[in-house]
Every structure is written in C-alpha cells, then in structure tokens.
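S.K.: One structure coming up, written as structure tokens, with questions to follow.
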There are 2 protein chains.
Amino acid sequence: MPSYTAPIRDFQFVLHDVLQIEKLSNQLGFTDASRDVIDAVLEEGGKFMSEVTAPLNQVGDQEGCKWDNGVVTTPTGFKEAYQQYCEAGWGGLTAEEKYGGQGLPHVIGIAMAEIQSSANMAFAMYPGLTHGAYEALLRHGSEEQKDMYLPNMASGKWTGTMNLTEPHCGTDLGLMRTKAEPQADGSYLITGTKIFISAGEHDLAENIIHLVLAKIPGGPEGIKGVSLFVVPKFLVNPDGSLGARNGVSCGSIEHKMGIHGNSTCVLNYDAAKGWLVGQKHKGMQAMFVMMNAARLGVGVQGLSQAEVAYQNALTYANDRLQGRAITGTKAPDKPADPIIVHPDIRRMLLTIKAFVEGSRALALWTGIELDVAAKHPEPEKRQEAEDLVAFLTPMVKAYMTDYGYQCATMAQQVYGGHGYIAEWGMEQFVRDARIAMIYEGANGIQALDLVGRKLPTGIGRLARRFFHPVSVFIEEKMMDPAIGKDYVMPLAKAFARLQTATALISERGLKNPDEAGAASWDYLNMFALVALGFMWARMAEVAKQKLAEGVGDKDFYETKLVTARFFMERMLPDTAAQLAKIQAGSESTMMLKAANF
Amino acid sequence: MPSYTAPIRDFQFVLHDVLQIEKLSNQLGFTDASRDVIDAVLEEGGKFMSEVTAPLNQVGDQEGCKWDNGVVTTPTGFKEAYQQYCEAGWGGLTAEEKYGGQGLPHVIGIAMAEIQSSANMAFAMYPGLTHGAYEALLRHGSEEQKDMYLPNMASGKWTGTMNLTEPHCGTDLGLMRTKAEPQADGSYLITGTKIFISAGEHDLAENIIHLVLAKIPGGPEGIKGVSLFVVPKFLVNPDGSLGARNGVSCGSIEHKMGIHGNSTCVLNYDAAKGWLVGQKHKGMQAMFVMMNAARLGVGVQGLSQAEVAYQNALTYANDRLQGRAITGTKAPDKPADPIIVHPDIRRMLLTIKAFVEGSRALALWTGIELDVAAKHPEPEKRQEAEDLVAFLTPMVKAYMTDYGYQCATMAQQVYGGHGYIAEWGMEQFVRDARIAMIYEGANGIQALDLVGRKLPTGIGRLARRFFHPVSVFIEEKMMDPAIGKDYVMPLAKAFARLQTATALISERGLKNPDEAGAASWDYLNMFALVALGFMWARMAEVAKQKLAEGVGDKDFYETKLVTARFFMERMLPDTAAQLAKIQAGSESTMMLKAANF
C-alpha cells in the first residue's frame with residue numbers, strides 16, 4: 001500500500017524563506033498567522049491526513065460510492081474519517097471567524113489542499129466543494145443566507161456543491177435549460193437536470209447545500225440570463241433545524257476512471273425550492289469571481305498526485321534491486337543495485353521533483369496574491385494582485401494538472417510491471433489525477449482563456465503583472481556571481497522566447513483569432529515553464545544565501561540547487577520548441593475541412 | 001459505446017503506394033501476397049474485428065477475467081469469439097503453410113495486429129502471445145517439438161505464453177530462481193514462480209503451451225545460465241492427443257489498471273515436466289531473436305489505442321455542439337458549433353492523426369524489413385535489414401507506446417467530462433494503452449538498449465542503416481519544387497540535430513556511460529521524430545505525385561499533405577529542445593545522492 005508524508009520542510013522553505021509570508025500576514029491583518037502557527041497547522045494537518053484519510057485512499061478506490069434508490073453510501077471508513085475531520089476543525093481553516101472558522105490566510109488553505117489531496121483526493125473533494133460553495137455564499141449571499149448556511153458549512157456539519165453542467169452543456173453554459181420559476185414568497189422553483197455534480201449526494205453530512213445555475217424564464221438569452229440559486233437538500237427552518245426534504249434527488253452516480261470515493265451525481269431538480277444568490281441574471285459573474293480560487297485548487301490537485309506518486313516511486317527506486325549501474329557496481333553486497341542508480345530512473349524522479357517543487361512555489365505565490373487581492377489595505381495593491389492572479393490562474397490550472405498527470409504516469413513507470421497492478425496504488429494516482437485536466441474548465445479552455453481573454457485585458461495589463469517582476473529579477477540578478485550563470489541566464493533566454501511569442505500572438509491574433517487559438521496550448525505551457533523557471537531561480541537564490549550563511553540543513557539547500565539546475569537544463573529548453581511551433585502559425589491546424597480529418 | 005473501423009484506405013496507401021510491398025513480395029517469394037490478396041485480408045480482417053471482437057471490448061473491461069481455485073474464466077463472449085476467430089483462420093495468417101498457416105508476410109501480420117488491438121487489445125493478446133511462442137518454437141525448437149506443437153498453435157486450438165518475470169526480477173533476468181532439473185529421459189522438471197504471465201491460464205483453448213526461462217543447476221551464474229523450456233499445460237501424447245495435467249497451476253490473477261479481459265497470471269511450476277528448446281544456457285539468445293518482433297508488436301499496440309481513440313474523438317468532435325467558433329458562427333442553424341471548429345480541439349486531433357499515420361508507416365516499414373531479414377535471397381540484404389530492424393525496434397516500441405498513451409489521453413480530453421466516464425469507453429483506451437509502455441521491456445530500458453547497445457554496435461553499423469537512406473533522401477529531394485521546402489527542409493533540420501546528438505553521445509558516452517544513459521530518453525524521442533519525419537516526407541512525396549497524376553481520391557492526398565505539414569511545423573520542432581537537453585549533459589541528473597532525492 002502506498003504511503004504519504006506531508007512535505008512540511010518544503011512548505012516551510014517556500015512560505016517562510018522564499019515568499020516571506022510572515023511579513024505579509026501582518027500587512028494583511030492575519031495577526032494570528034505567525035510562523036509557529038503556520039508550522040503547527042501544517043504539521044498537525046499533515047499528521048492527520050497521513051494517519052486518517054490516506055489509509056482510506058485505496059479502499060475508497062476499490063469500493064467506490066454506492067447508489068441505491070437515490071441514497072449514496074460512501075466507502076468504508078469515509079463517514080468516520082469525515083466526522084474526525086470536522087471535529088478537528090480542518091474544514092474551517094480559512095473560513096471567517098464570525099462563522100466559526102479560524103480565519104487563516106488562503107495560502108495556508110492552498111497548502112492544506114495539497115496535503116489533503118495527496119492523502120486522499122476523492123475524500124478531500126467533499127470539504128473542497130464545501131469550501132467553494134462557502135466562498136460563493138460569502139461573497140454573493142445575503143446576510144440572512146450567510147447566517148443560515150455558513151456556520152454549518154464552515155464546521156463541515158453541512159457540505160456544499162456547485163451545479164453547472166447539464167447533459168448537453170458543459171463549457172457552453174449559455175445552452176442551459178434548468179429553469180427557476182419565481183414564487184410569490186420570493187423563492188424560486190428549480191426544475192432541470194444537472195450532471196457531473198461532485199459530492200452531490202452522500203452520507204457524510206446531514207445536509208447538502210447546492211449552489212445551482214438556472215435560468216429565470218423571460219430573462220436574457222444565453223449566458224446573460226443565468227442566475228445563481230441556493231438549494232438545500234433539506235430545507236432549513238428559521239430556528240436552524242432541518243425541515244422537509246427539498247425536491248432534489250440523485251438519479252444516479254457515474255462510473256468513472258478514478259476518484260471513485262467521491263460521488264459524481266446526476267441531480268434531478270423537480271420544483272426544488274431555491275433562493276436567488278446575488279443579482280438576477282448575474283449568476284455567471286458570481287461564479288467567475290470564485291473560479292480563480294477553484295481553478296487554483298484544481299491545479300493543486302494535479303501537483304498533489306505527482307507529489308504522492310513521487311514519494312512512493314522514490315521509496316521503490318531505493319528498494320528495488322535490478323541490474324547494475326552502467327558505471328560499475330554500486331551495492332556489491334547486494335544481488336543487484338537499487339534502480340535509483342540508473343540515469344533514466346533519475347531523469348524521471350528529478351523531472352517530477354522539479355515539477356512538484358516548482359509548482360508548489362508557484363501555487364503558494366498565487367495563493368498569497370489571492371490573500372493580497374482580498375485583504376491588502378491599499379486598493380491599488382489589491383487590484384494588482386487580482387490582475388496577477390487572473391493572469392496566472394488558467395496556466396496554474398492547466399499546466400499543473402496536465403503535467404501532474406504526466407508525472408504521476410512517470411512515477412508509475414518507475415515501478416515497472418508492478419506500477420500497473422492495483423495493489424501497489426500507483427495506477428490509482430494516475431487515474432485520480434486525470435480528472436483534474438478536465439473539470440473546472442477543460443485545459444484547452446484554460447489556454448483559450450489565457451490568450452483570448454487574459455492576455456488582451458487592458459492591453460496587456462494583466463500580463464505585465466507577471467512580466468514586470470520577472471524582468472526586474474532578471475535585470476538585477478543576471479550578473480550575480482552566485483546565481484547569474486546557472487539559473488538566471490537560462491530563465492532570461494526562456495523569458496525572451498515568451499516575450500517574442502506574446503508579441504506574435506497579440507499581433508497575429510488581432511487579425512485572425514485562430515492564430516491565438518492555435519497557439520494557445522503551446523503558449524500556456526511556455527508561460528508555465530517560465531513561471532516555474534522564475535520560481536526555481538528565486539529558490540536557488542535563497543538556497544545559495546542559506547548556504548553562504550551556513551545555517552540550516554546543507555543537504556536540503558544543495559539539493560534545491562541541483563534540482564533547480566536540472567529544471568533549467570532539462571525542462572526549460574522545451575520553450576525553444578514551443579516558440580517554433582507558435583511561429584509556424586495556425587494554417588496547418590485550421591485548413592483541413594472537418595470531413596477530411 | 002465506442003466503435004471501430006479498420007483504416008483500410010490508409011493501410012493501402014502505405015503498403016502499396018509508399019512502401020510498394022508487391023514488388024518486394026515477389027522478391028521474397030511471397031507469391032500469394034498480391035495486392036488483391038492483401039487488400040482482401042485486411043478488409044475481411046477489419047470487418048471481422050469490428051463486428052466480433054470490438055463489441056466485446058467494454059464487456060471485457062467491465063467483467064474482467066475471473067479466477068476460482070486455479071481456473072480462469074474469460075469475460076462473456078470471449079470464448080465464442082475466439083472460436084470464430086480460429087475458424088476464420090486469423091491466428092495462422094503469417095504461420096508457415098506446412099503447419100497449416102497461410103504463409104503471408106510478417107508485415108501483413110503487423111497490419112492485422114494493429115487492427116486486432118484497436119478492436120480489442122485484451123482479446124488480441126491471446127493469439128498475440130500464441131504467435132510469439134509459435135515463433136520461438138519455430139526458430140529454436142527441434143523438428144519433433146515443432147511437429148508436436150506448431151500445427152495446433154497456428155490454428156489457435158492451443159495458445160502459447162512467454163514466462164520470463166519472477167517476483168524479484170523483471171528487467172534483470174540474471175536474478176532468476178526458477179530451476180530446471182534434468183531427468184533421465186531427457187526432460188526437465190521445472191520448479192519456481194513466474195508472474196505477470198499474460199494469457200497464462202484461461203478457458204479459450206484446450207491446451208496452453210508455456211515457454212519458460214529457467215536455470216539448470218550447475219550452469220553458469222546469472223543471465224548466462226538461463227535456458228528455454230517448453231512446458232505444456234497438458235502433456236501431449238505421441239499420437240497428439242492430450243495426456244495428464246502438467247505440474248503448472250495458476251495461483252492468482254492480477255487486478256490491474258487495464259487489459260482486464262486478458263488474464264495476467266501468477267504461474268506456479270511445481271516439478272512441471274518441460275523440454276529444452278534450443279541449446280542449454282542459451283535461453284536468452286533464443287528470446288532475443290524474437291524480441292524484435294514482439295517489441296514491434298507492442299509498439300503497434302500503442303499506435304492501435306491512439307487510432308481507435310482518435311476515431312471516436314473525431315466522431316464526438318463533429319457531433320458535440322458547444323460554443324461558437326472564435327472567427328464567427330459556423331453552424332448558424334444549430335444552437336452551437338460542433339467543437340471541431342475550435343483550434344485547440346483540432347490541435348489535439350491533428351497531433352493524434354499525425355502520430356498515428358506516421359507511426360503506422362514506420363511500423364509497416366519495419367515489418368517489411370523483418371520479412372526481408374527473414375527471406376531475402378541475398379545474405380547481405382538480409383543482414384542489412386536485420387541491422388535496420390535492430391536499430392529501429394527499441395525506438396518503435398518505446399516511442400509508439402509512450403506517445404500512443406499520450407494520444408489516447410488527448411482523445412479522451414476531446415470528450416471533456418464524458419471522457420472520464422466509463423460508459424463512453426475513452427478512459428479504457430487510456431488504461432489499456434498504459435501497459436504497453438511497461439511490458440516487453442520498460443521504455444527506459446528500450447532507450448538504454450538504443451544508446452548503450454544498438455548505437456555502438458559495429459561502430460555505428462546499425463545506425464547507418466537508418467542514417468544512410470535518410471541522408472540520401474534529403475540530398476535528392478531537398479531542391480524538389482514539390483516537397484523540398486515544406487517537407488524535406490524541416491526533416492533535414494531535425495536530422496542534423498539527430499546527427500549532432502549521435503556524435504555527442506558516442507563521444508561522451510565512451511568516457512562516461514552515464515552521459516549516454518542520461519541522454520537516452522531524449523535521444524530515443526528525437527530519433528522517433530526524425531523517423532516519423534522521414535515517413536511523412538515520403539508520404540508527402542507520394543501524395544504530391546498522385547495529385548499531379550490526377551488519379552484517386554484528391555481529398556485523401558491533400559489531407560496527407562496538410563497532416564504532413566502539421567507534423568513538420570507543430571511536432572518536429574521538439575527535436576530542438578531534445579538536442580538542448582542532451583547537450584546539457586548528465587551532471588544534474590547524476591550528482592544527487594540517493595538519500596537527498
């Protein structure tokens with residue numbers, strides 16, 4: 001059975017040494033988020049997930065959720081673990097103190113989301129979805145709605161869901177058919193079918209608060225006529241007790257490739273009672289505000305599966321004896337050398353390591369900017385942070401899930417034949433990781449969002465929030481004797497390619513949107529490599545400083561430098577190919593008639 | 001439910017127009033393999049697999065094989081389909097006529113292997129393994145053994161297996177523990193445990209002929225003391241009837257990520273009666289001779305899953321209405337445009353298409369060279385072909401399975417959320433494709449075989465068999481007004497990179513084998529892209545000729561040209577990044593201590 005240990009040391013390095021979160025916490029008014037508190041939360045959280053939810057990951061996969069006449073039963077142990085999870089207060093880590101939460105910064109929520117997903121992604125989705133619904137109500141709900149729902153959602157007593165997709169519409173929500181008929185009492189009756197609703201029905205909590213997109217008849221056509229509603233599974237009495245069962249039922253659950261422990265539901269709304277959240281016909285706007293956080297969370301899922309797969313592949317690579325090192329025997333006392341001596345095993349492990357640690361830094365940086373956007377005292381700083389987050393988000397979501405899946409596949413490969421056998425657990429990480437490339441906006445949509453929406457916004461205003469700090473860093477550090485040659489130069493080269501591609505896409509895309517569309521995937525990946533390169537250069541800088549100061553764990557910092565170099569030498573060069581592909585233009589992509597494919 | 005239609009038109013194009021197989025058939029003495037016969041075989045085979053085995057692909061996955069006290073039952077319908085398969089003679093297509101086969105060239109076997117695996121990979125493995133065992137006995141068995149086993153294996157009445165792996169040894173077979181004790185009657189008693197034995201036990205055939213690697217006590221240490229044995233499940237009486245059950249039993253079957261319809265067995269040999277095949281202690285040599293064919297077959301499995309996934313993704317992309325084209329509405333009469341209008345959907349489809357068609361050409365070219373190696377009247381030509389096959393094989397195996405898996409994943413992505421749902425069948429293609437990267441030598445081992453064994457052989461003698469025809473082609477066609485600029489120039493650029501990398505690896509690898517090892521994966525992929533580029537340039541040449549002649553299906557040839565261009569512009573540039581990575585050297589890969597990962 002695979003195991004998992006939260007990478008606490010790495011979180012500390014990124015949060016404290018690289019991103020210097022403590023300084024920011026004070027600025028943003030998170031006075032309780034001291035270094036000690038953050039460390040304690042991560043350590044305790046890591047311990048809890050390793051001991052309580054990780055051991056349920058395989059049983060969750062093997063048993064899956066069971067549907068019987070509308071009732072969904074989660075796998076053995078999930079209910080008890082969820083109880084413990086709520087009692088320990090893990091659900092309300094970043095929730096407002098007024099609703100019973102602990103009021104910690106979002107970035108700590110991001111770190112804990114990684115830990116939770118590494119331990120048990122299917123399980124983590126139940127509180128994860130609750131968190132998303134909590135945020136939507138927090139930002140768009142009325143005071144009455146917030147008071148009614150948020151305390152029980154923060155505690156985990158009730159869970160939440162997001163209802164967008166219908167059988168004939170996923171990406172294109174303008175085609176939506178679910179109706180919301182206004183009633184005299186101010187409520188609405190919701191009727192329609194929603195599919196792919198994660199955690200849509202289960203036995204973990206006494207109530208489920210569905211947030212549902214639907215159309216009020218007579219409203220504007222398409223996407224502009226969509227509104228957001230809160231529809232509880234059980235109606236809530238004025239005194240907070242549970243009332244009648246609402247007209248929403250689970251028609252079936254999907255049999256899917258992975259995340260078997262999470263119920264993916266068809267929800268039938270049959271004149272279910274719901275209440276408008278926010279403004280009429282402004283449902284999509286309400287959703288979009290939350291999407292940055294949700295997409296960042298999904299990106300972290302990709303990273304999380306790569307991390308846990310890496311941990312196990314590393315153990316296996318050290319244990320498994322097979323063949324001799326090509327440079328001569330390394331373990332003469334053993335019948336064969338551990339496979340970690342082989343260069344190609346190391347290539348796979350280092351690729352995952354460089355991806356995971358670079359992505360972790362990127363996700364946490366983005367998480368901090370989310371906090372800045374929400375809490376900074378200066379509106380200008382808030383706007384800047386919001387711009388940066390908006391620009392980074394599609395890349396974080398798509399790149400981390402796409403490459404996370406590839407890394408999980410690589411970790412599985414380290415196991416040879418055993419990687420294909422369910423018992424070892426590696427193939428589950430691959431199957432679970434796969435969904436993150438699809439949901440919360442398929443990765444191709446993220447790429448289109450990046451080049452079609454984020455790049456042109458404010459004539460490159462969002463892009464500059466990223467480009468500017470990278471240019472400044474390169475300019476300042478290029479000649480730095482400690483990091484200039486090995487870390488900043490390769491970044492500068494890749495960054496120049498990204499700038500060339502950006503100019504090209506902006507120019508050509510104006511004349512022909514297909515030019516931007518056909519370049520979008522390569523552009524997103526190029527941007528991701530540059531962003532990871534920026535993170536790695538910054539991490540290398542800190543590692544060099546620490547080594548110069550002679551404090552702390554020498555091996556840890558030296559390993560950072562080797563991994564950074566591996567990233568620069570063996571991963572960042574992909575930007576050369578990506579630029580060449582973008583430069584080739586859209587013609588060969590677009591010219592074929594559909595009938596001739 | 002997904003569907004499958006054999007790509008007959010494309011097989012015809014490659015076999016007849018590009019590779020001109022008819023000319024060669026005559027030269028090699030395959031006088032029955034006329035164009036008409038080949039076409040009829042592929043058409044009938046395609047029809048059979050689409051109608052008989054493809055409809056069992058999903059049920060095979062969902063039911064899987066069942067083990068009960070040593071007895072293995074295949075999924076519903078497999079037994080009947082296998083009966084029909086044997087009756088139609090599909091098992092003996094390339095088997096010798098003297099053993100009841102049809103004596104067709106191996107290249108036709110390769111084509112049919114693709115069709116069979118696309119239709120139902122798990123099912124196709126039963127006759128596939130039989131074919132491998134047949135070949136081993138044919139080449140290394142005594143006349144008596146051949147007469148005893150081959151006719152029933154050619155007909156499919158008996159199936160075959162290959163037994164290599166043991167729990168503690170996969171890649172490193174020198175660690176093998178299975179023993180073969182010589183008996184007075186010339187037979188051996190085999191004792192030991194073999195794992196991961198595909199088709200090791202099942203209910204499709206009345207006997208199973210196991211080919212087993214084992215060590216004769218007192219023989220040389222390690223890999224040099226391994227011999228090959230034939231061990232039938234039921235002993236065969238001199239009159240050919242079945243005798244007593246032999247001492248081999250199936251201890252369990254594996255629960256695995258995919259190919260559920262094929263039984264992956266633990267086989268326990270408990271003083272089972274076996275007979276030496278070939279020479280004592282020369283078992284590995286006997287295996288190696290077959291490995292080229294087997295590895296080519298596994299490469300084709302990767303391609304096969306990409307093909308069937310592509311076919312279904314294409315249908316979905318034309319059917320699914322979602323969003324509007326970014327250049328303006330394309331289907332005003334519909335509520336949304338089919339998603340094939342979107343550039344990123346096209347990028348995915350074209351990437352798969354270019355991979356599949358290029359790989360098909362490469363696999364068939366390699367298949368033809370296998371026939372030349374076996375049958376050409378001139379020994380020199382046979383040697384040349386054998387050299388070329390030896391050089392191409394690790395690349396074909398590793399690249400086609402690795403990229404085939406990626407392409408199956410891309411095809412799944414086209415489906416959005418539906419791709420993750422079992423019912424649609426796309427996720428099965430991904431899971432089934434995954435094994436091909438592992439078995440028959442994990443892909444990293446293929447890369448090491450390429451740079452560590454194949455590249456240095458005869459001071460580059462094998463490599464020249466590939467490099468030479470590519471150089472000649474480039475030199476002759478570079479200035480060709482029809483194909484020079486768009487197809488030959490990009491190939492020449494990539495080929496120059498490959499030559500640079502080859503020289504670099506050869507030089508550095510001499511001093512430090514880790515340099516070759518750390519470069520092996522990028523080198524293999526670079527080589528694959530150049531090989532596919534060579535195939536695409538040749539296909540483009542033929543397409544241009546056909547268009548100039550004005551014969552045949554204009555759309556077909558024009559589509560070839562667009563796909564070729566897409567390959568050159570959007571896939572081949574990866575060679576730039578691969579070269580840069582190789583040039584960076586092995587240091588960052590090798591310097592980290594195992595404890596510091």
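Following the order of the structure tokens, first chain is A, next is B, and so on, with residues numbered from 1 inside each chain and ligands from 1 in the order they appear.
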Compute the set of chain A residues within 6 Å of chain B, using only C-alpha atoms, and express it as a PyMOL selection string.
M.R.: chain A and resi 172+255-257+322-323+343-344+416+420-422+438+517-518+562+566+569-570+573-574+576-577+581+584+588
S.K.: With C-alpha atoms retained, export the selected residues as a short mmCIF file (atom, residue, chain, number, x, y, z; two decimals), in the first residue's frame.
M.R.:
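Heads up, here's the output in out_5.cif:
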```
data_model
loop_
_atom_site.label_atom_id
_atom_site.label_comp_id
_atom_site.auth_asym_id
_atom_site.auth_seq_id
_atom_site.Cartn_x
_atom_site.Cartn_y
_atom_site.Cartn_z
CA ASP A 172 -21.05 26.44 -23.14
CA HIS A 255 -18.84 5.01 -13.10
CA LYS A 256 -15.64 6.74 -13.84
CA MET A 257 -11.91 6.33 -14.39
CA GLN A 322 17.64 -4.72 -10.52
CA GLY A 323 20.69 -4.65 -12.74
CA PRO A 343 20.20 7.54 -15.18
CA ASP A 344 16.75 7.15 -16.71
CA GLY A 416 7.80 -1.33 -13.98
CA TYR A 420 0.22 -1.47 -13.47
CA ILE A 421 -1.07 -3.61 -10.60
CA ALA A 422 -3.83 -2.07 -8.48
CA ILE A 438 -10.97 18.12 -17.37
CA GLY A 517 -6.34 29.85 -30.59
CA ALA A 518 -3.94 27.56 -32.42
CA VAL A 562 20.74 20.56 -8.15
CA PHE A 566 18.04 20.06 -13.63
CA GLU A 569 18.94 22.27 -18.23
CA ARG A 570 16.46 19.50 -18.87
CA PRO A 573 14.56 24.06 -23.12
CA ASP A 574 11.08 22.96 -24.19
CA ALA A 576 12.53 26.61 -27.75
CA ALA A 577 10.23 24.06 -29.38
CA LYS A 581 5.51 25.82 -33.05
CA ALA A 584 4.68 28.29 -37.56
CA SER A 588 -1.90 23.68 -40.82
#
```
S.K.: Using DSSP on the backbone coordinates, identify the residues of segment 205-322 of chain A assigned to helix (DSSP H, G or I); present them as a PyMOL selection string.
M.R.: chain A and resi 222-225+283-319
S.K.: With C-alpha atoms kept, could you save the residues just selected as a PDB file, in the first residue's frame?
M.R.:
```
ATOM      1  CA  GLY A 222     -27.920  32.530 -23.420  1.00  0.00           C
ATOM      2  CA  ILE A 223     -25.260  33.056 -20.802  1.00  0.00           C
ATOM      3  CA  LYS A 224     -26.569  36.506 -19.887  1.00  0.00           C
ATOM      4  CA  GLY A 225     -29.771  35.036 -18.490  1.00  0.00           C
ATOM      5  CA  GLY A 283     -25.048  34.145 -11.992  1.00  0.00           C
ATOM      6  CA  MET A 284     -22.030  33.765 -14.236  1.00  0.00           C
ATOM      7  CA  GLN A 285     -20.350  36.803 -12.723  1.00  0.00           C
ATOM      8  CA  ALA A 286     -20.868  35.346  -9.273  1.00  0.00           C
ATOM      9  CA  MET A 287     -19.296  32.125 -10.472  1.00  0.00           C
ATOM     10  CA  PHE A 288     -16.375  33.798 -12.195  1.00  0.00           C
ATOM     11  CA  VAL A 289     -15.253  35.565  -9.065  1.00  0.00           C
ATOM     12  CA  MET A 290     -14.849  32.215  -7.350  1.00  0.00           C
ATOM     13  CA  MET A 291     -13.306  30.478 -10.289  1.00  0.00           C
ATOM     14  CA  ASN A 292      -9.793  31.744  -9.723  1.00  0.00           C
ATOM     15  CA  ALA A 293      -9.724  30.094  -6.306  1.00  0.00           C
ATOM     16  CA  ALA A 294     -11.398  26.929  -7.538  1.00  0.00           C
ATOM     17  CA  ARG A 295      -9.081  26.608 -10.525  1.00  0.00           C
ATOM     18  CA  LEU A 296      -6.053  27.164  -8.393  1.00  0.00           C
ATOM     19  CA  GLY A 297      -7.368  24.388  -6.157  1.00  0.00           C
ATOM     20  CA  VAL A 298      -7.705  22.030  -9.112  1.00  0.00           C
ATOM     21  CA  GLY A 299      -4.192  22.890 -10.262  1.00  0.00           C
ATOM     22  CA  VAL A 300      -3.011  21.895  -6.823  1.00  0.00           C
ATOM     23  CA  GLN A 301      -4.770  18.543  -7.208  1.00  0.00           C
ATOM     24  CA  GLY A 302      -2.520  17.828 -10.196  1.00  0.00           C
ATOM     25  CA  LEU A 303       0.521  18.720  -8.157  1.00  0.00           C
ATOM     26  CA  SER A 304      -0.743  16.670  -5.209  1.00  0.00           C
ATOM     27  CA  GLN A 305      -0.957  13.438  -7.187  1.00  0.00           C
ATOM     28  CA  ALA A 306       2.509  13.988  -8.612  1.00  0.00           C
ATOM     29  CA  GLU A 307       3.830  14.534  -5.066  1.00  0.00           C
ATOM     30  CA  VAL A 308       2.379  11.398  -3.523  1.00  0.00           C
ATOM     31  CA  ALA A 309       3.283   9.330  -6.579  1.00  0.00           C
ATOM     32  CA  TYR A 310       6.821  10.694  -6.345  1.00  0.00           C
ATOM     33  CA  GLN A 311       7.183   9.798  -2.685  1.00  0.00           C
ATOM     34  CA  ASN A 312       6.272   6.204  -3.369  1.00  0.00           C
ATOM     35  CA  ALA A 313       8.309   5.926  -6.572  1.00  0.00           C
ATOM     36  CA  LEU A 314      11.327   7.207  -4.674  1.00  0.00           C
ATOM     37  CA  THR A 315      10.920   4.552  -1.991  1.00  0.00           C
ATOM     38  CA  TYR A 316      10.564   1.904  -4.662  1.00  0.00           C
ATOM     39  CA  ALA A 317      13.606   3.160  -6.576  1.00  0.00           C
ATOM     40  CA  ASN A 318      15.687   2.851  -3.426  1.00  0.00           C
ATOM     41  CA  ASP A 319      14.323  -0.592  -2.524  1.00  0.00           C
TER      42      ASP A 319
END
```
S.K.: Quick check for you: according to DSSP on this backbone, which residues of segment 94-180 of chain B are classed as strand (DSSP E or B)? Reply as a ChimeraX atom specification.
M.R.: /B:158-163,166,169,179-180
S.K.: For the atom pair atom CA of Leu213 of chain A and atom CA of Glu96 of chain A, what is the interatomic distance in Å to one decimal place?
M.R.: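 Computing the Euclidean distance for atom CA of Leu213 of chain A and atom CA of Glu96 of chain A yields 25.1 Å.
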S.K.: Do you know which residues are at most 8 Å from segment 62-70 of chain B counting only C-alpha atoms, after dropping those on the same chain fewer than 5 positions away, and could you put them as a list in words?
M.R.: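 Contacts, with the query itself left out: Pro75, Thr76, Ser249, Cys250, Gly251, Ser252, Ile253, His260, Gly261, Asn262 and Ser263 of chain B.
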S.K.: Quote the spacing between atom CA of Ala482 of chain A and atom CA of Pro7 of chain A in Å to one decimal place.
M.R.: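 Straight-line distance from atom CA of Ala482 of chain A to atom CA of Pro7 of chain A works out to 26.9 Å.
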S.K.: With distances taken over only C-alpha atoms, which of A:Lys146, A:Lys477, A:Arg35, A:His131 is nearest to Trp90 of chain A?
M.R.: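 Residue with the minimum atom-to-atom distance to Trp90 of chain A: A:His131.
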S.K.: Restricting the calculation to only C-alpha atoms, which member of B:Leu138, B:Pro151, B:Lys397, B:Ala119 is positioned closest to Gln102 of chain B?
M.R.: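 Smallest separation from Gln102 of chain B among the options: B:Pro151.
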S.K.: Expressed in Å to a single decimal, how great is the separation between atom CA of Arg139 of chain A and atom CA of Leu388 of chain A?
M.R.: 20.2 Å
S.K.: Can you tell me which residues surround Glu51 of chain B at a distance of at most 12 Å, considering only C-alpha atoms, apart from same-chain residues fewer than 4 positions away, and format the answer as a PyMOL selection string?
M.R.: chain B and resi 3-6+44-47+55-57+81+84-85+116+119-120
S.K.: Looking at A:Gln446, A:Lys273, A:Leu242, A:Ile209, which one is nearest to Ala133 of chain A, with distances taken over only C-alpha atoms?
M.R.: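 Counting only C-alpha atoms, the residue closest to Ala133 of chain A is A:Ile209.
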